[in-house]
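Trainee: Input upload-v3.pdb, format and content: PDB, C-alpha atoms.
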ATOM      1  CA  MET A 888      -8.148  -4.337  25.451
ATOM      2  CA  THR A 889      -7.739  -0.629  26.060
ATOM      3  CA  LEU A 890      -4.507  -0.754  24.086
ATOM      4  CA  PHE A 891      -6.325  -2.353  21.200
ATOM      5  CA  TRP A 892      -9.100   0.236  21.217
ATOM      6  CA  ALA A 893      -6.659   3.120  21.381
ATOM      7  CA  LEU A 894      -4.681   1.698  18.483
ATOM      8  CA  ALA A 895      -7.830   0.913  16.502
ATOM      9  CA  VAL A 896      -9.206   4.437  16.883
ATOM     10  CA  ALA A 897      -5.834   5.913  15.932
ATOM     11  CA  LEU A 898      -5.572   3.583  12.952
ATOM     12  CA  VAL A 899      -9.000   4.473  11.567
ATOM     13  CA  ALA A 900      -8.481   8.184  12.250
ATOM     14  CA  THR A 901      -5.141   8.287  10.448
ATOM     15  CA  ALA A 902      -6.543   6.259   7.544
ATOM     16  CA  VAL A 903      -9.447   8.680   7.131
ATOM     17  CA  PHE A 904      -7.031  11.599   7.433
ATOM     18  CA  THR A 905      -4.854  10.082   4.702
ATOM     19  CA  VAL A 906      -7.701   9.628   2.263
ATOM     20  CA  THR A 907      -9.434  12.955   2.831
ATOM     21  CA  GLN A 908      -6.485  15.348   2.712
ATOM     22  CA  ARG A 909      -6.339  17.694  -0.232
ATOM     23  CA  SER A 910      -2.570  17.922  -0.416
ATOM     24  CA  PRO A 911      -0.687  14.649  -0.917
ATOM     25  CA  VAL A 912       2.019  15.787   1.492
ATOM     26  CA  TYR A 913      -0.471  15.778   4.350
ATOM     27  CA  SER A 914      -1.647  12.397   3.128
ATOM     28  CA  VAL A 915       1.894  11.062   3.383
ATOM     29  CA  VAL A 916       2.141  12.318   6.955
ATOM     30  CA  GLY A 917      -1.163  10.648   7.789
ATOM     31  CA  LEU A 918      -0.008   7.452   6.118
ATOM     32  CA  LEU A 919       3.209   7.536   8.137
ATOM     33  CA  ALA A 920       1.220   7.767  11.374
ATOM     34  CA  ASN A 921      -1.020   4.987  10.088
ATOM     35  CA  PHE A 922       1.943   2.711   9.422
ATOM     36  CA  VAL A 923       3.460   3.344  12.847
ATOM     37  CA  VAL A 924       0.164   2.595  14.586
ATOM     38  CA  LEU A 925      -0.265  -0.510  12.465
ATOM     39  CA  ALA A 926       3.253  -1.660  13.328
ATOM     40  CA  THR A 927       2.328  -1.362  16.998
ATOM     41  CA  LEU A 928      -0.749  -3.476  16.321
ATOM     42  CA  TYR A 929       1.513  -6.087  14.718
ATOM     43  CA  LEU A 930       3.554  -6.079  17.909
ATOM     44  CA  THR A 931       0.451  -6.888  19.937
ATOM     45  CA  LEU A 932       0.023  -9.890  17.631
ATOM     46  CA  ASN A 933       3.567 -11.171  18.301
ATOM     47  CA  ALA A 934       4.765 -10.311  14.805
ATOM     48  CA  GLU A 935       8.125  -8.879  15.744
ATOM     49  CA  PHE A 936       9.819  -9.180  12.400
ATOM     50  CA  ILE A 937       6.826  -7.775  10.508
ATOM     51  CA  PHE A 938       6.826  -4.890  12.972
ATOM     52  CA  VAL A 939      10.406  -4.071  12.031
ATOM     53  CA  MET A 940       9.708  -4.587   8.320
ATOM     54  CA  GLN A 941       6.677  -2.332   8.496
ATOM     55  CA  ILE A 942       8.771   0.495   9.901
ATOM     56  CA  ILE A 943      11.766  -0.008   7.609
ATOM     57  CA  VAL A 944      10.079  -0.857   4.313
ATOM     58  CA  TYR A 945       6.851   1.113   4.537
ATOM     59  CA  ALA A 946       7.694   4.098   6.693
ATOM     60  CA  GLY A 947      11.278   4.144   5.530
ATOM     61  CA  ALA A 948      11.311   3.245   1.871
ATOM     62  CA  ILE A 949       7.855   3.508   0.324
ATOM     63  CA  LEU A 950       6.914   6.805   1.955
ATOM     64  CA  VAL A 951      10.244   8.337   0.977
ATOM     65  CA  LEU A 952       9.449   7.276  -2.584
ATOM     66  CA  PHE A 953       6.079   9.028  -2.318
ATOM     67  CA  VAL A 954       7.669  12.173  -0.930
ATOM     68  CA  PHE A 955      10.238  12.228  -3.717
ATOM     69  CA  VAL A 956       7.594  11.862  -6.403
ATOM     70  CA  ILE A 957       5.481  14.585  -4.803
ATOM     71  CA  SER A 958       8.413  16.965  -4.669
ATOM     72  CA  LEU A 959       9.335  16.021  -8.236
ATOM     73  CA  LEU A 960       5.875  16.601  -9.667
ATOM     74  CA  SER A 961       4.805  19.677  -7.741
ATOM     75  CA  ALA A 962       8.076  21.553  -8.172
ATOM     76  CA  GLY A 963       6.587  23.628 -10.973
ATOM     77  CA  THR A 964       3.029  24.818 -11.128
ATOM     78  CA  GLY A 965       1.549  22.545  -8.516
ATOM     79  CA  PRO A 966      -0.740  20.357 -10.587
ATOM     80  CA  PHE A 967      -2.501  18.925  -7.551
ATOM     81  CA  SER A 968      -4.316  22.047  -6.466
ATOM     82  CA  GLU A 969      -6.091  22.523  -9.767
ATOM     83  CA  GLY A 970      -9.600  21.348 -10.421
ATOM     84  CA  PRO A 971     -12.363  20.359  -8.071
ATOM     85  CA  ASN A 972     -12.306  17.180  -6.138
ATOM     86  CA  ARG A 973     -14.340  14.192  -7.151
ATOM     87  CA  MET A 974     -15.883  14.103  -3.686
ATOM     88  CA  PRO A 975     -19.386  15.503  -4.215
ATOM     89  CA  ARG A 976     -20.100  13.738  -7.479
ATOM     90  CA  ALA A 977     -18.875  10.290  -6.524
ATOM     91  CA  LEU A 978     -19.666  10.349  -2.839
ATOM     92  CA  LEU A 979     -22.904   8.379  -3.104
ATOM     93  CA  PRO A 980     -21.662   5.556  -5.349
ATOM     94  CA  ALA A 981     -18.436   5.299  -3.390
ATOM     95  CA  ALA A 982     -20.325   5.120  -0.123
ATOM     96  CA  LEU A 983     -22.627   2.467  -1.616
ATOM     97  CA  VAL A 984     -19.740   0.322  -2.861
ATOM     98  CA  ALA A 985     -17.788   0.641   0.354
ATOM     99  CA  LEU A 986     -20.766  -0.005   2.603
ATOM    100  CA  ALA A 987     -21.945  -2.946   0.474
ATOM    101  CA  GLY A 988     -18.548  -4.613   0.607
ATOM    102  CA  PHE A 989     -18.154  -3.854   4.287
ATOM    103  CA  GLY A 990     -21.615  -5.197   5.053
ATOM    104  CA  PHE A 991     -20.899  -8.337   3.031
ATOM    105  CA  LEU A 992     -17.747  -9.074   4.990
ATOM    106  CA  ILE A 993     -19.347  -8.315   8.348
ATOM    107  CA  TYR A 994     -22.300 -10.517   7.370
ATOM    108  CA  GLY A 995     -19.901 -13.332   6.598
ATOM    109  CA  LEU A 996     -18.194 -12.840   9.940
ATOM    110  CA  ALA A 997     -21.479 -12.757  11.805
ATOM    111  CA  ARG A 998     -22.599 -15.978  10.148
ATOM    112  CA  GLY A 999     -19.727 -17.701  11.858
ATOM    113  CA  ALA A1000     -16.893 -17.629   9.382
ATOM    114  CA  LEU A1001     -14.575 -17.416  12.371
ATOM    115  CA  GLY A1002     -16.144 -20.506  13.947
ATOM    116  CA  ILE A1003     -13.579 -22.683  12.247
ATOM    117  CA  LEU A1004     -10.851 -21.133  14.349
ATOM    118  CA  PRO A1005      -9.540 -22.936  17.401
ATOM    119  CA  PRO A1006     -11.754 -21.930  20.311
ATOM    120  CA  HIS A1007      -9.013 -21.821  22.896
ATOM    121  CA  VAL A1008      -6.158 -19.689  21.747
ATOM    122  CA  ALA A1009      -2.936 -20.723  23.356
ATOM    123  CA  THR A1010      -1.059 -18.203  25.403
ATOM    124  CA  SER A1011       1.655 -16.187  23.807
ATOM    125  CA  HIS A1012       5.079 -15.397  25.074
ATOM    126  CA  ALA A1013       5.188 -11.710  24.393
ATOM    127  CA  GLY A1014       8.341 -10.001  25.453
ATOM    128  CA  GLU A1015      10.891 -12.717  24.885
ATOM    129  CA  VAL A1016      12.329 -11.108  21.829
ATOM    130  CA  GLY A1017      14.678 -13.095  19.658
ATOM    131  CA  GLN A1018      14.394 -16.425  21.426
ATOM    132  CA  SER A1019      13.687 -19.492  19.373
ATOM    133  CA  GLY A1020      10.771 -21.714  20.167
ATOM    134  CA  VAL A1021       8.533 -18.727  20.848
ATOM    135  CA  PHE A1022       5.779 -17.891  18.404
ATOM    136  CA  GLY A1023       6.547 -14.860  16.310
ATOM    137  CA  SER A1024      10.136 -14.560  17.388
ATOM    138  CA  VAL A1025      12.604 -13.351  14.828
ATOM    139  CA  ALA A1026      14.590 -16.566  15.152
ATOM    140  CA  ASP A1027      11.597 -18.767  14.341
ATOM    141  CA  PHE A1028      10.532 -16.437  11.573
ATOM    142  CA  GLY A1029      13.947 -16.610   9.986
ATOM    143  CA  VAL A1030      14.068 -20.391  10.156
ATOM    144  CA  ALA A1031      10.604 -20.644   8.609
ATOM    145  CA  LEU A1032      11.419 -18.084   5.928
ATOM    146  CA  PHE A1033      14.620 -19.760   4.805
ATOM    147  CA  SER A1034      13.566 -23.384   5.125
ATOM    148  CA  THR A1035       9.857 -24.045   4.778
ATOM    149  CA  HIS A1036       9.026 -20.975   2.703
ATOM    150  CA  LEU A1037      12.244 -20.609   0.761
ATOM    151  CA  LEU A1038      10.633 -20.823  -2.680
ATOM    152  CA  PRO A1039       8.122 -17.995  -2.044
ATOM    153  CA  PHE A1040      11.010 -15.947  -0.714
ATOM    154  CA  GLU A1041      13.016 -16.482  -3.888
ATOM    155  CA  ILE A1042       9.965 -15.705  -6.030
ATOM    156  CA  THR A1043       9.637 -12.460  -4.078
ATOM    157  CA  ALA A1044      13.198 -11.579  -4.997
ATOM    158  CA  PHE A1045      12.329 -12.237  -8.633
ATOM    159  CA  ILE A1046       9.253  -9.999  -8.378
ATOM    160  CA  LEU A1047      11.369  -7.216  -6.932
ATOM    161  CA  MET A1048      13.885  -7.592  -9.749
ATOM    162  CA  VAL A1049      11.104  -7.398 -12.344
ATOM    163  CA  ALA A1050       9.769  -4.300 -10.598
ATOM    164  CA  VAL A1051      13.175  -2.640 -10.642
ATOM    165  CA  ILE A1052      13.596  -3.394 -14.346
ATOM    166  CA  GLY A1053      10.100  -2.083 -15.013
ATOM    167  CA  VAL A1054      10.797   1.151 -13.176
ATOM    168  CA  VAL A1055      14.048   1.643 -15.068
ATOM    169  CA  VAL A1056      12.310   0.998 -18.385
ATOM    170  CA  LEU A1057       9.451   3.373 -17.556
ATOM    171  CA  ALA A1058      11.294   6.249 -15.912
ATOM    172  CA  GLY A1059      14.504   5.847 -17.921
ATOM    173  CA  GLU A1060      12.601   5.984 -21.177
ATOM    174  CA  ALA A1061      10.796   9.075 -19.983
ATOM    175  CA  ALA A1062      14.077  10.719 -19.042
ATOM    176  CA  LEU A1063      15.752   9.951 -22.370
ATOM    177  CA  ALA A1064      12.833  10.254 -24.768
ATOM    178  CA  PRO A1065      12.393  14.054 -24.788
ATOM    179  CA  THR A1066      15.977  14.745 -25.893
ATOM    180  CA  ARG A1067      16.082  11.955 -28.466
ATOM    181  CA  GLY A1068      12.608  12.730 -29.766
ATOM    182  CA  HIS A1069      13.463  16.395 -29.919
ATOM    183  CA  HIS A1070      16.489  15.772 -32.101
ATOM    184  CA  VAL A1071      14.571  13.446 -34.384
ATOM    185  CA  ARG A1072      11.729  15.885 -34.685
ATOM    186  CA  ARG A1073      14.049  18.750 -35.470
ATOM    187  CA  ARG A1074      15.811  16.751 -38.133
ATOM    188  CA  VAL A1075      12.470  15.876 -39.675
ATOM    189  CA  GLN A1076      11.426  19.496 -39.573
ATOM    190  CA  GLU A1077      14.646  20.507 -41.250
ATOM    191  CA  ARG A1078      14.185  17.944 -43.942
ATOM    192  CA  GLU A1079      10.568  18.631 -44.780
ATOM    193  CA  PRO A1080      10.973  22.117 -46.278
ATOM    194  CA  ILE A1081      13.669  20.827 -48.593
ATOM    195  CA  VAL A1082      11.350  18.161 -49.901
ATOM    196  CA  LYS A1083       8.590  20.703 -50.339
ATOM    197  CA  ALA A1084      10.923  23.062 -52.156
ATOM    198  CA  GLU A1085      11.931  20.370 -54.609
ATOM    199  CA  ARG A1086       8.325  19.760 -55.428
TER     200      ARG A1086
ATOM    201  CA  MET B  39       5.587 -13.875  30.537
ATOM    202  CA  ASN B  40       2.592 -15.890  29.363
ATOM    203  CA  ALA B  41       0.277 -13.111  28.343
ATOM    204  CA  PRO B  42      -2.904 -14.455  26.791
ATOM    205  CA  MET B  43      -4.351 -12.789  23.733
ATOM    206  CA  ASP B  44      -7.026 -10.769  25.443
ATOM    207  CA  VAL B  45      -8.543  -9.366  22.249
ATOM    208  CA  ASP B  46     -10.657 -11.669  20.132
ATOM    209  CA  VAL B  47      -9.505 -12.104  16.557
ATOM    210  CA  SER B  48     -12.855 -10.847  15.248
ATOM    211  CA  TYR B  49     -11.979  -7.353  16.482
ATOM    212  CA  TYR B  50      -8.833  -7.416  14.400
ATOM    213  CA  VAL B  51     -10.709  -8.707  11.371
ATOM    214  CA  VAL B  52     -13.381  -6.018  11.663
ATOM    215  CA  LEU B  53     -10.692  -3.359  12.071
ATOM    216  CA  SER B  54      -8.940  -4.735   8.994
ATOM    217  CA  THR B  55     -12.219  -4.585   7.069
ATOM    218  CA  VAL B  56     -12.782  -0.982   8.100
ATOM    219  CA  ILE B  57      -9.300   0.032   6.957
ATOM    220  CA  PHE B  58      -9.728  -1.870   3.707
ATOM    221  CA  PHE B  59     -12.913  -0.055   2.810
ATOM    222  CA  ILE B  60     -11.479   3.298   3.794
ATOM    223  CA  GLY B  61      -8.885   2.464   1.136
ATOM    224  CA  VAL B  62     -11.584   1.441  -1.332
ATOM    225  CA  GLY B  63     -13.390   4.717  -0.726
ATOM    226  CA  GLY B  64     -10.156   6.601  -1.250
ATOM    227  CA  VAL B  65      -9.492   4.942  -4.588
ATOM    228  CA  ILE B  66     -13.029   5.648  -5.770
ATOM    229  CA  LEU B  67     -13.289   9.197  -4.488
ATOM    230  CA  ARG B  68      -9.930  10.749  -5.113
ATOM    231  CA  ARG B  69      -8.649  11.757  -8.521
ATOM    232  CA  ASN B  70      -5.087  12.438  -7.450
ATOM    233  CA  PRO B  71      -3.169   9.270  -8.428
ATOM    234  CA  LEU B  72      -0.717   9.689  -5.565
ATOM    235  CA  ILE B  73      -3.485   9.597  -2.984
ATOM    236  CA  MET B  74      -5.078   6.704  -4.862
ATOM    237  CA  LEU B  75      -1.786   4.805  -4.554
ATOM    238  CA  MET B  76      -1.694   5.605  -0.845
ATOM    239  CA  ALA B  77      -5.233   4.254  -0.513
ATOM    240  CA  ILE B  78      -4.053   1.078  -2.239
ATOM    241  CA  GLU B  79      -1.276   0.856   0.341
ATOM    242  CA  LEU B  80      -3.955   1.133   3.026
ATOM    243  CA  MET B  81      -5.712  -1.862   1.480
ATOM    244  CA  PHE B  82      -2.472  -3.868   1.412
ATOM    245  CA  ASN B  83      -1.989  -3.074   5.074
ATOM    246  CA  ALA B  84      -5.539  -4.094   5.941
ATOM    247  CA  ALA B  85      -4.923  -7.476   4.325
ATOM    248  CA  ASN B  86      -1.655  -7.773   6.237
ATOM    249  CA  LEU B  87      -3.395  -7.040   9.521
ATOM    250  CA  ALA B  88      -5.892  -9.835   8.892
ATOM    251  CA  LEU B  89      -3.123 -12.242   7.895
ATOM    252  CA  ILE B  90      -1.085 -11.518  11.000
ATOM    253  CA  ALA B  91      -4.138 -11.726  13.264
ATOM    254  CA  PHE B  92      -4.975 -15.162  11.869
ATOM    255  CA  ALA B  93      -1.353 -16.221  12.159
ATOM    256  CA  ARG B  94      -1.536 -15.264  15.827
ATOM    257  CA  VAL B  95      -4.724 -17.267  16.330
ATOM    258  CA  TRP B  96      -3.333 -20.419  14.726
ATOM    259  CA  MET B  97       0.118 -19.832  16.206
ATOM    260  CA  ASN B  98       1.429 -20.458  12.706
ATOM    261  CA  ASP B  99       4.310 -18.644  11.048
ATOM    262  CA  ALA B 100       2.832 -18.951   7.549
ATOM    263  CA  GLY B 101       0.593 -15.930   7.999
ATOM    264  CA  GLN B 102       3.532 -13.753   8.917
ATOM    265  CA  ILE B 103       5.518 -15.065   5.941
ATOM    266  CA  PHE B 104       2.566 -14.158   3.750
ATOM    267  CA  ALA B 105       2.455 -10.668   5.229
ATOM    268  CA  PHE B 106       6.163 -10.315   4.528
ATOM    269  CA  LEU B 107       5.626 -11.282   0.891
ATOM    270  CA  VAL B 108       2.701  -8.858   0.666
ATOM    271  CA  ILE B 109       4.980  -6.071   1.919
ATOM    272  CA  THR B 110       7.482  -6.744  -0.857
ATOM    273  CA  VAL B 111       4.749  -6.894  -3.473
ATOM    274  CA  ALA B 112       3.373  -3.602  -2.127
ATOM    275  CA  ALA B 113       6.824  -2.076  -2.450
ATOM    276  CA  SER B 114       7.039  -3.214  -6.079
ATOM    277  CA  GLU B 115       3.567  -1.887  -6.739
ATOM    278  CA  ALA B 116       4.384   1.479  -5.217
ATOM    279  CA  ALA B 117       7.594   1.787  -7.221
ATOM    280  CA  ILE B 118       5.958   0.926 -10.546
ATOM    281  CA  GLY B 119       2.840   2.945  -9.796
ATOM    282  CA  LEU B 120       4.871   6.028  -8.965
ATOM    283  CA  ALA B 121       7.010   5.538 -12.074
ATOM    284  CA  ILE B 122       3.825   5.415 -14.153
ATOM    285  CA  VAL B 123       2.603   8.601 -12.457
ATOM    286  CA  VAL B 124       5.876  10.333 -13.290
ATOM    287  CA  VAL B 125       5.751   9.180 -16.912
ATOM    288  CA  VAL B 126       2.133  10.260 -17.319
ATOM    289  CA  PHE B 127       2.893  13.620 -15.764
ATOM    290  CA  ARG B 128       5.847  14.165 -18.097
ATOM    291  CA  ARG B 129       3.772  13.270 -21.131
ATOM    292  CA  ALA B 130       0.552  15.050 -20.219
ATOM    293  CA  LYS B 131       1.660  17.678 -17.692
ATOM    294  CA  ASN B 132      -1.337  16.570 -15.701
ATOM    295  CA  VAL B 133      -1.860  14.091 -12.909
ATOM    296  CA  ASP B 134      -5.641  14.170 -12.827
ATOM    297  CA  VAL B 135      -6.738  10.622 -13.567
ATOM    298  CA  ASP B 136      -9.941  11.884 -15.173
ATOM    299  CA  GLU B 137      -7.924  13.860 -17.692
ATOM    300  CA  VAL B 138      -5.638  10.981 -18.607
ATOM    301  CA  ALA B 139      -7.857   9.345 -21.203
ATOM    302  CA  GLY B 140      -5.381   8.409 -23.906
ATOM    303  CA  LEU B 141      -6.910   4.964 -24.330
ATOM    304  CA  ARG B 142     -10.466   6.225 -24.678
ATOM    305  CA  GLY B 143     -12.027   4.719 -27.798
TER     306      GLY B 143
END
Let me see whether you can do it: turn the structure in this file into structure tokens.
Mentor:
Amino acid sequence: MTLFWALAVALVATAVFTVTQRSPVYSVVGLLANFVVLATLYLTLNAEFIFVMQIIVYAGAILVLFVFVISLLSAGTGPFSEGPNRMPRALLPAALVALAGFGFLIYGLARGALGILPPHVATSHAGEVGQSGVFGSVADFGVALFSTHLLPFEITAFILMVAVIGVVVLAGEAALAPTRGHHVRRRVQEREPIVKAER
Amino acid sequence: MNAPMDVDVSYYVVLSTVIFFIGVGGVILRRNPLIMLMAIELMFNAANLALIAFARVWMNDAGQIFAFLVITVAASEAAIGLAIVVVVFRRAKNVDVDEVAGLRG
């Protein structure tokens, strides 16, 4: 229980840190700490494979993507530091929305939405990493992923492929468009005076 | 090694709710699209925490599979979202979401 409270406090603190930082680089650092704490929470819930995925995919891949984009965008003038924050103006409506949604969910929980759960949770076998027949083990997860849930897994691969194509279309077009558009525009500009002169 | 789950699942669900609405507040309050995307990642993670907590309660792998799929979808979302941010910044030289109003009627 003390482990849970320590992790919960750290999780909320890092989440608040992430959202309130002015510079996105600090936000990325906060998010990294948040992901690591969350991965530890997954471990307390016997989700070994998700623990590893959280570290590799989130802390490894997604945050590196964020850092690259930040370094790419703020290499010049630093567009992030300009302008006031939206904090004072939108604080009240944001607080209202967040508190209303939070209160709604907590109200649902308090009314007994969790009463449908099995009252006596079976014991876990934490610590026996990699053995089959143990809930949450990587072996069982792999069997379930590639047998029972094979179709969702394949659909996920398709989603990732669509995302990769989308990124290439978006960013590739942005990388090529300025040069192409520049040439076209210059040709048009060269042509226009001739037309005007003939008139 | 039979360690019982000594924390009730409701604690995990409440913690997940708190994280989710921290993310909601971040999306509403911030105008930097990068931090808004990070807040969206926080919301994805909150949903994952709830899924994995319920998977633990039911001793069912499906919740963890779901969380795995959510992670991949979050990765796709981050990649496309960041690509959109880059494109918008190249077009407008500005990453303030209040200033990007090209579709305003």
Trainee: Distance CA of Val126 in chain B-CA of Ser914 in chain A, one decimal place?
Mentor: 20.9 Å
Trainee: Could you state which residues are captured by the PyMOL selection byres ((chain A and resi 984) around 12) in this file, as a PyMOL selection string?
Mentor: (chain A and resi 977-983+985-991) or (chain B and resi 59-67)
Trainee: As a check of understanding, name the residues that the PyMOL selection byres ((chain B and resi 102) around 12) selects in the supplied structure, as a VMD selection string.
Mentor: (chain A and resid 929 to 930 932 to 938 940 to 941 1022 to 1025 1027 to 1029 1031 to 1032 1036) or (chain B and resid 85 to 101 103 to 109)
Trainee: Please write the residues picked by the PyMOL selection byres ((chain B and resi 110-123) around 8) on this file as JSON, numbers by chain.
Mentor: {"A": [944, 945, 949, 952, 953, 956, 1043, 1046, 1047, 1050, 1051, 1053, 1054, 1057, 1058], "B": [71, 72, 75, 79, 82, 106, 107, 108, 109, 124, 125, 126, 127, 133]}
Trainee: If you measure from CA of Tyr994 in chain A to CA of Val56 in chain B, what distance in Å do you get, rounded to one decimal?
Mentor: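 So the answer is 13.5 Å.
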Trainee: Rounded to one decimal, what separation in Å do you get between CA of Val916 in chain A and CA of Leu960 in chain A?
Mentor: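 Separation between CA of Val916 in chain A and CA of Leu960 in chain A: 17.6 Å.
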Trainee: Here is a test: counting only C-alpha atoms, which residue of B:Val45, B:Ile78, B:Phe58, B:Val51 is nearest to Val899 in chain A?
Mentor: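 For Val899 in chain A, the nearest of the candidates is B:Phe58.
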Trainee: Given only C-alpha atoms as the basis, pick out the residue of A:Leu950, A:Pro1039, A:Ile942, A:Ala902 nearest to Ala926 in chain A.
Mentor: A:Ile942
Trainee: Is it possible to get the axis-aligned box enclosing range 1043-1053 of chain A (all listed atoms, 4 Å extra per side) as JSON, with centre and edge lengths in Å rounded to one decimal?
Mentor:
{"center_x": 11.6, "center_y": -7.3, "center_z": -9.5, "size_x": 12.6, "size_y": 18.4, "size_z": 18.9}
Trainee: Taking the partial coordinates given, rebuild range 937-952 of chain A to contain N, CA and C atoms; return it as an mmCIF file, in the frame of the given file.
Mentor:
data_model
loop_
_atom_site.group_PDB
_atom_site.id
_atom_site.type_symbol
_atom_site.label_atom_id
_atom_site.label_comp_id
_atom_site.auth_asym_id
_atom_site.auth_seq_id
_atom_site.Cartn_x
_atom_site.Cartn_y
_atom_site.Cartn_z
ATOM 1 N N ILE A 937 7.681 -8.593 11.370
ATOM 2 C CA ILE A 937 6.826 -7.775 10.508
ATOM 3 C C ILE A 937 6.738 -6.350 11.048
ATOM 4 N N PHE A 938 6.788 -6.224 12.362
ATOM 5 C CA PHE A 938 6.826 -4.890 12.972
ATOM 6 C C PHE A 938 8.034 -4.106 12.452
ATOM 7 N N VAL A 939 9.194 -4.758 12.493
ATOM 8 C CA VAL A 939 10.406 -4.071 12.031
ATOM 9 C C VAL A 939 10.311 -3.780 10.536
ATOM 10 N N MET A 940 9.812 -4.778 9.768
ATOM 11 C CA MET A 940 9.708 -4.587 8.320
ATOM 12 C C MET A 940 8.736 -3.464 7.991
ATOM 13 N N GLN A 941 7.658 -3.395 8.743
ATOM 14 C CA GLN A 941 6.677 -2.332 8.496
ATOM 15 C C GLN A 941 7.323 -0.962 8.634
ATOM 16 N N ILE A 942 8.119 -0.806 9.683
ATOM 17 C CA ILE A 942 8.771 0.495 9.901
ATOM 18 C C ILE A 942 9.804 0.754 8.806
ATOM 19 N N ILE A 943 10.653 -0.254 8.525
ATOM 20 C CA ILE A 943 11.766 -0.008 7.609
ATOM 21 C C ILE A 943 11.261 0.137 6.177
ATOM 22 N N VAL A 944 10.463 -0.840 5.725
ATOM 23 C CA VAL A 944 10.079 -0.857 4.313
ATOM 24 C C VAL A 944 9.004 0.187 4.032
ATOM 25 N N TYR A 945 7.951 0.189 4.835
ATOM 26 C CA TYR A 945 6.851 1.113 4.537
ATOM 27 C C TYR A 945 7.216 2.542 4.931
ATOM 28 N N ALA A 946 7.425 2.738 6.232
ATOM 29 C CA ALA A 946 7.694 4.098 6.693
ATOM 30 C C ALA A 946 9.029 4.607 6.181
ATOM 31 N N GLY A 947 9.974 3.699 5.965
ATOM 32 C CA GLY A 947 11.278 4.144 5.530
ATOM 33 C C GLY A 947 11.404 4.290 4.037
ATOM 34 N N ALA A 948 11.025 3.258 3.299
ATOM 35 C CA ALA A 948 11.311 3.245 1.871
ATOM 36 C C ALA A 948 10.151 3.758 1.036
ATOM 37 N N ILE A 949 8.965 3.202 1.227
ATOM 38 C CA ILE A 949 7.855 3.508 0.324
ATOM 39 C C ILE A 949 7.423 4.962 0.496
ATOM 40 N N LEU A 950 7.358 5.428 1.748
ATOM 41 C CA LEU A 950 6.914 6.805 1.955
ATOM 42 C C LEU A 950 7.937 7.807 1.438
ATOM 43 N N VAL A 951 9.226 7.444 1.547
ATOM 44 C CA VAL A 951 10.244 8.337 0.977
ATOM 45 C C VAL A 951 10.062 8.423 -0.534
ATOM 46 N N LEU A 952 9.724 7.281 -1.141
ATOM 47 C CA LEU A 952 9.449 7.276 -2.584
ATOM 48 C C LEU A 952 8.283 8.216 -2.915
#
